[in-house]
Structure formats: C-alpha cells, structure tokens
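Here is the structure we will look at.
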Amino acid sequence: MNGTPSTSNPSVNPGQVPGAIHKDPDMVIFGFWVFMMSDLIFFGVVFAIYITMIGATAGGPGPRELFDFGSLFAQTMLLLTSSLTVGIATVTMKHQRSQASFLFWVVVTLILGLGFLTLELYDFSQMAAQGGVPQRSGYLSAFFGLVPLHGLHVSFGCLWMLVLIVQICKVGMLDIIKLRFLRLALFWHFLDLIWIGIFSVVYFGGWVYG
Amino acid sequence: MANKSGYAAHLRTYLTGYVLSVVLTIAAFWAVLAVGRENKSVLILVGLLGVAQLAVQLKCFLNVTTQKEGRDNLALVLFSTLILLIIVVGTAWIMGNLAVRMHTTM
C-alpha cells in the first residue's frame, strides 16, 4: 500500500481515486491473514515457555497470591465487547451507513480497548506491589513476557484506530481507508482469540497448577 | 466483500457470536472458581470451552468458513494451528518429561 493519499490526489470522492489500490483487495486481506498467523506462531512459542515455567516461582509469589479474577473477568468482557463493536462498525461500513455511525462504533471500540489496557496496567501494578515483578522468578518472567506482549498488541491496535479516525476525518471514507479498517477489524478480532488462550492457559492453568 | 445478505443478517451474526462467547466465558470462570481449587481436571473443561469459543469467534467474527471462497483462509488457519500445536504440545511434552526424569517439580 502507498501510505496516506498523496497531496496530488486530493479527491474526496470515495472509490474514484485512481491508483489508490494497486492490489486486489482480497489478496491484501489474505496477506494480512498470513501476518496474523505468523504472529500466532510467535504467541505460541511464548505460551510454550510459560507452560514450562508454571511452578518455577523460586519461592516468590505465584498465581494463587497474585491473580485477581474479578479484574480478569472485567478485562475479558471489555475486550470481548470491543470485538463486537468493531464488528458492528464493519457491518455499518459494508452496508454504507452514515460515516457518523461508523465513527461512533470505532470510537466505542477505542474506549473499550483503552479501558482494557487501564485495567491490565492496574493489575500489573497490584502484582508488583505484592512482589510480583519479572525479575523475581522464571515463572514471573514468563508471565510478563506473555501477557504484556498481548497488551502491546492492543496498544498498537488503539494507535492504529486513532490514526484511522484522523484519516477519515481528513479525507473521508476512501476505498483504501476502508481496506485498512477491514484489516484493523481482523487484527482486533484476532487479539480477542489470543486473549481466550491467555485467560484459559495463563490465568486458569497457572492458578490450578501453580 | 460479500453483500448478498442484508444489514440485519450481518448484525445478527456478530450478536450471536457475542452472546455465545459471553456464555462460554462465564461458564469457564464459573467452573474454575467453583471446583478449580480441588480438582485439576477442571482444566479439561476449560480447554473444551476455550476451543468452543475459538470456533464461535472464528466463524462469527472472523468469517472463516468451509465455503469455497474461504478455502484459502481455512487452509492457512488449519496449517498454522498444526504448527502451533506441534510447538506448544511438543515443548510441554519434552520439558515435562525432562522435569519428571530430573525429579524437579513442574
């Protein structure tokens, strides 16, 4: 893709920008799937490290002392609901509803994403207050290698959403921006899939076996 | 992008996926909090609920289907899942076996 629409191409007529999309949109989406699956393998390796590290607490605090399931449930619901709202935004876009309603759902998704990150950071600070810091044990290193990695992905998803909102406000719903949004929606749904693995394996698995 | 079904139908797909995911999530949390402390086999149930939720979200949110136009995506997802399972299960198997033979706790 060729970055933001160039200044020599200031048309705000959606779908009429010559040369804005060089590639077949289906291929662009498929390419993004390939990226997501490689990211999945990356997460898989870090999950594998975590599984081998369960119990390696070296006398430090473990899952039973550190995990807060109330906060975990709230985070899960925030991320799941944001996955729904980004889906609603996709449907709004595909059926050419108003730009305002589309932007509304994107902003709701962004707020839910930021809420998720706030709770997660609060959780980490609570863990640190109880001595649960990455350098304390192999178990905690593995934990802080995996869960914040997902949080980092969510942060970049939020940044991506912000950039798209600015672009839409400046140039409107060009086809190239629609295609960018479709990839963002895929990415966001994918992050919720990873989160299912995190609460099942990291939190529940760690808590039951730790 | 496919435009054959209407706005309401598309919306309903997402809402169905959401409601099913919420139910499956609550079931997993309830199972662990109710019996997780005594019974380690609760993780089998958590695993099944997790796989069910993955399937629901892949179908309703990510549009992965067995229909002809989605075959490329399906093949990609299935192959990646195979690699993922080899990495994760293989690592857990080898390192778990090592821990048992070395008499370290894991």
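Here's how to read the names in the structure tokens: chain A, B, ... by the order shown, residue numbers from 1 in each chain, ligand numbers from 1 in the order shown.
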Compile a residue-level contact table for chain A against chain B at a cut-off of 6 Å, reporting for every qualifying residue the shortest atom pair and its distance in Å to one decimal, with only C-alpha atoms counted, rows ordered by chain and ascending number, as a Markdown table.
```
| residue | atom | partner | partner_atom | distance |
| --- | --- | --- | --- | --- |
| A:Ile41 | CA | B:Leu84 | CA | 5.7 |
| A:Gly44 | CA | B:Leu84 | CA | 5.9 |
| A:Ala48 | CA | B:Val88 | CA | 4.9 |
| A:Gly55 | CA | B:Met106 | CA | 5.3 |
| A:Val208 | CA | B:Gly36 | CA | 6.0 |
```
Keeping only C-alpha atoms, write the selected residues to a file as a short mmCIF file (atom, residue, chain, number, x, y, z; two decimals), in the first residue's frame.
```
data_model
loop_
_atom_site.label_atom_id
_atom_site.label_comp_id
_atom_site.auth_asym_id
_atom_site.auth_seq_id
_atom_site.Cartn_x
_atom_site.Cartn_y
_atom_site.Cartn_z
CA ILE A 41 3.11 -18.84 15.99
CA GLY A 44 2.54 -19.94 20.58
CA ALA A 48 5.08 -22.78 25.39
CA GLY A 55 5.62 -23.76 39.24
CA VAL A 208 -4.91 -24.59 39.08
#
```
query: Neighbours of segment 133-139 of chain A within 6 Å (only C-alpha atoms; same-chain residues fewer than 5 positions away dropped), as a list in words?
result: Met53, Ile54, Ala56, Thr57, Ala58, Ala128 and Phe144 of chain A
Next item on the list: Identify all residues of chain B in helix (DSSP H, G or I) (DSSP on the backbone) and supply them as a VMD selection string.
Entry: chain B and resid 7 to 35 42 to 60 68 to 101
- Task: For each of A:Gly151, A:Glu65, A:Phe47, A:Val163, take the minimum atom-to-atom distance to Leu119 of chain A, counting only C-alpha atoms, then give the residue where this is smallest.
- Result: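 Between A:Gly151, A:Glu65, A:Phe47, A:Val163, the residue approaching Leu119 of chain A most closely is A:Gly151.
Relative to atom CA of His150 of chain A, atom CA of Leu45 of chain B is found at 24.1 Å.
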